[in-house]
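Step one of this worksheet: look at the structure below.
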Amino acid sequence: MDPREQGKQRSAERALGYIEEGSVVGVGTGSTVKYFIEGLGAWRDRIEGAVSSSEQSTALLKAQRIPVLDLNAVGSLPLYVDGADECDPHRRLIKGGGAALTREKIIAAVAQRFVCVIDGAKQVDVLGKFPLPVEVIPMARSHVARRIAALGGQPVWRDGVVTDNGNWILDVHNLSILDPVRLEQELNQIVGVVTCGLFAARAADVVIVDGDVRG
Ligand code: 5RP
């Protein structure tokens, strides 16, 4: 197996150790989370179920015969496990490479503990080399793109991609994100933005890199 895939798999398997018996588990989206869902199959009789961040993960959870629950019907969510596209030393993230950022951010906001699972290549000192995904209401695409350009970013429409919420994605290039909390706020305030892929105000609590826990 490719070393990066091995790193993802090790991180996902380590995250299984954070599951609490009888609880609901929040599940992210992507190729790293796919390994987590595979491992979660062995837990199906010891958890109440999972809350899913995407149609893709819902299908994988159902294939493992894990009940998929509505977040609105869930009392507490001790754990959320998800991948990321970039992670800085303060556990702040860029997410949304898989276009599932909005549901991911909602689950992260509800969860008591957010465990982020990555391979080592995703660690950066400063966020922004990975183009920052922003989910937009379709009719606002040009307006949002102009506002982002005024902030110094280069937005590129991810043509052909429709999110699970029926929206579109702008990938913002050429950002050197020195104040991620502020930029997250600024982007989220643009009319027509559903959410941006900066997870800074609510960063991860634990990051597992190539299977090693980083705090
Ligand atoms: C999806 C995400 C993913 O967590 C992120 O893109 C990482 O994916 P992968 O584990 O496949 O590298 O944010 O919206």
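Letters A, B, ... go to the chains of the structure tokens in the order shown; residues in each chain start at 1; ligands are counted from 1 in the same order.
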Shell around Ser11 of chain A at 12 Å using only C-alpha atoms, local window under 6 positions removed, as number ranges by chain:
A: 4-5, 17-18, 31-36, 39, 81-84, 115-120, 206-214
Quick check for you: according to DSSP on this backbone, which residues of segment 60-149 of chain A are classed as strand (DSSP E)? Reply as JSON, numbers by chain.
{"A": [79, 80, 81, 82, 86, 87, 93, 94, 113, 114, 115, 116, 117, 118, 132, 133, 134, 135, 136]}
Counting only C-alpha atoms, what is within 12 Å of segment 142-151 of chain A, bar same-chain residues fewer than 2 positions away, as an MDAnalysis selection string?
chainID A and resid 132:140 153:157 168:177 183:184 186:196
Write the residues of the preceding selection, restricted to C-alpha atoms, as a PDB file, in the first residue's frame.
ATOM      1  CA  LEU A 132      -9.810  26.762   0.512  1.00  0.00           C
ATOM      2  CA  PRO A 133     -13.275  25.382  -0.314  1.00  0.00           C
ATOM      3  CA  VAL A 134     -16.244  27.698   0.181  1.00  0.00           C
ATOM      4  CA  GLU A 135     -19.821  26.422  -0.229  1.00  0.00           C
ATOM      5  CA  VAL A 136     -22.069  29.004  -1.888  1.00  0.00           C
ATOM      6  CA  ILE A 137     -25.731  29.360  -2.799  1.00  0.00           C
ATOM      7  CA  PRO A 138     -25.666  28.947  -6.627  1.00  0.00           C
ATOM      8  CA  MET A 139     -27.200  32.343  -7.486  1.00  0.00           C
ATOM      9  CA  ALA A 140     -24.563  34.098  -5.336  1.00  0.00           C
ATOM     10  CA  GLY A 153      -7.929  35.207  -2.947  1.00  0.00           C
ATOM     11  CA  GLN A 154      -8.350  33.623  -6.367  1.00  0.00           C
ATOM     12  CA  PRO A 155     -11.674  31.770  -6.423  1.00  0.00           C
ATOM     13  CA  VAL A 156     -12.149  28.934  -8.903  1.00  0.00           C
ATOM     14  CA  TRP A 157     -15.591  27.391  -9.384  1.00  0.00           C
ATOM     15  CA  TRP A 168     -21.785  24.940  -5.343  1.00  0.00           C
ATOM     16  CA  ILE A 169     -18.135  25.128  -4.290  1.00  0.00           C
ATOM     17  CA  LEU A 170     -15.559  27.853  -4.906  1.00  0.00           C
ATOM     18  CA  ASP A 171     -11.942  26.758  -4.288  1.00  0.00           C
ATOM     19  CA  VAL A 172      -9.905  29.762  -3.211  1.00  0.00           C
ATOM     20  CA  HIS A 173      -6.247  29.745  -4.296  1.00  0.00           C
ATOM     21  CA  ASN A 174      -3.299  31.889  -3.238  1.00  0.00           C
ATOM     22  CA  LEU A 175      -4.268  32.484   0.358  1.00  0.00           C
ATOM     23  CA  SER A 176      -1.652  32.617   3.071  1.00  0.00           C
ATOM     24  CA  ILE A 177      -3.894  32.327   6.088  1.00  0.00           C
ATOM     25  CA  LEU A 183     -10.710  34.903   7.839  1.00  0.00           C
ATOM     26  CA  GLU A 184     -13.255  32.223   8.735  1.00  0.00           C
ATOM     27  CA  GLU A 186     -14.977  37.287   7.223  1.00  0.00           C
ATOM     28  CA  LEU A 187     -15.787  34.629   4.647  1.00  0.00           C
ATOM     29  CA  ASN A 188     -18.811  33.336   6.526  1.00  0.00           C
ATOM     30  CA  GLN A 189     -20.233  36.859   6.632  1.00  0.00           C
ATOM     31  CA  ILE A 190     -20.312  37.280   2.850  1.00  0.00           C
ATOM     32  CA  VAL A 191     -23.943  37.080   1.758  1.00  0.00           C
ATOM     33  CA  GLY A 192     -24.445  33.867  -0.205  1.00  0.00           C
ATOM     34  CA  VAL A 193     -21.727  31.899   1.576  1.00  0.00           C
ATOM     35  CA  VAL A 194     -23.106  28.837   3.327  1.00  0.00           C
ATOM     36  CA  THR A 195     -19.840  28.127   5.056  1.00  0.00           C
ATOM     37  CA  CYS A 196     -16.119  28.105   4.375  1.00  0.00           C
TER      38      CYS A 196
END
Skip segment 91-105 of chain A itself and residues of its chain fewer than 5 positions away, then list as a list of chain:residue names all residues within 7 Å of it, counting only C-alpha atoms.
A:Gly28, A:Thr29, A:Gly30, A:Ser53, A:Ser54, A:Ala84, A:Asp85, A:Glu86, A:Leu132, A:Pro133, A:Thr163, A:Thr195, A:Gly197, A:Leu198, A:Phe199, A:Ala200, A:Ala203, A:Ala204, A:Val207
Counting only C-alpha atoms, which residue out of A:Ala63, A:Val24, A:Ile37, A:Ile106 sits closest to Ser76 of chain A?
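Ranking A:Ala63, A:Val24, A:Ile37, A:Ile106 by distance to Ser76 of chain A, first place goes to A:Val24.
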I'd like to know which residues of segment 104-189 of chain A are alpha helix (DSSP H) (by DSSP, run on the backbone); could you write them as a VMD selection string?
chain A and resid 104 to 110 141 to 150 180 to 188
Could you list, as number ranges by chain, every residue within 7 Å of segment 108-112 of chain A, counting only C-alpha atoms and ignoring same-chain residues fewer than 5 positions away?
A: 77-80, 202
When you look at Trp43 of chain A with a cut-off of 10 Å (counting only C-alpha atoms), what residues show up, excluding the ones that are within fewer than 3 positions of it in the same chain? I need them as a PyMOL selection string.
chain A and resi 16+19+21-22+37-40+46-49+64+66
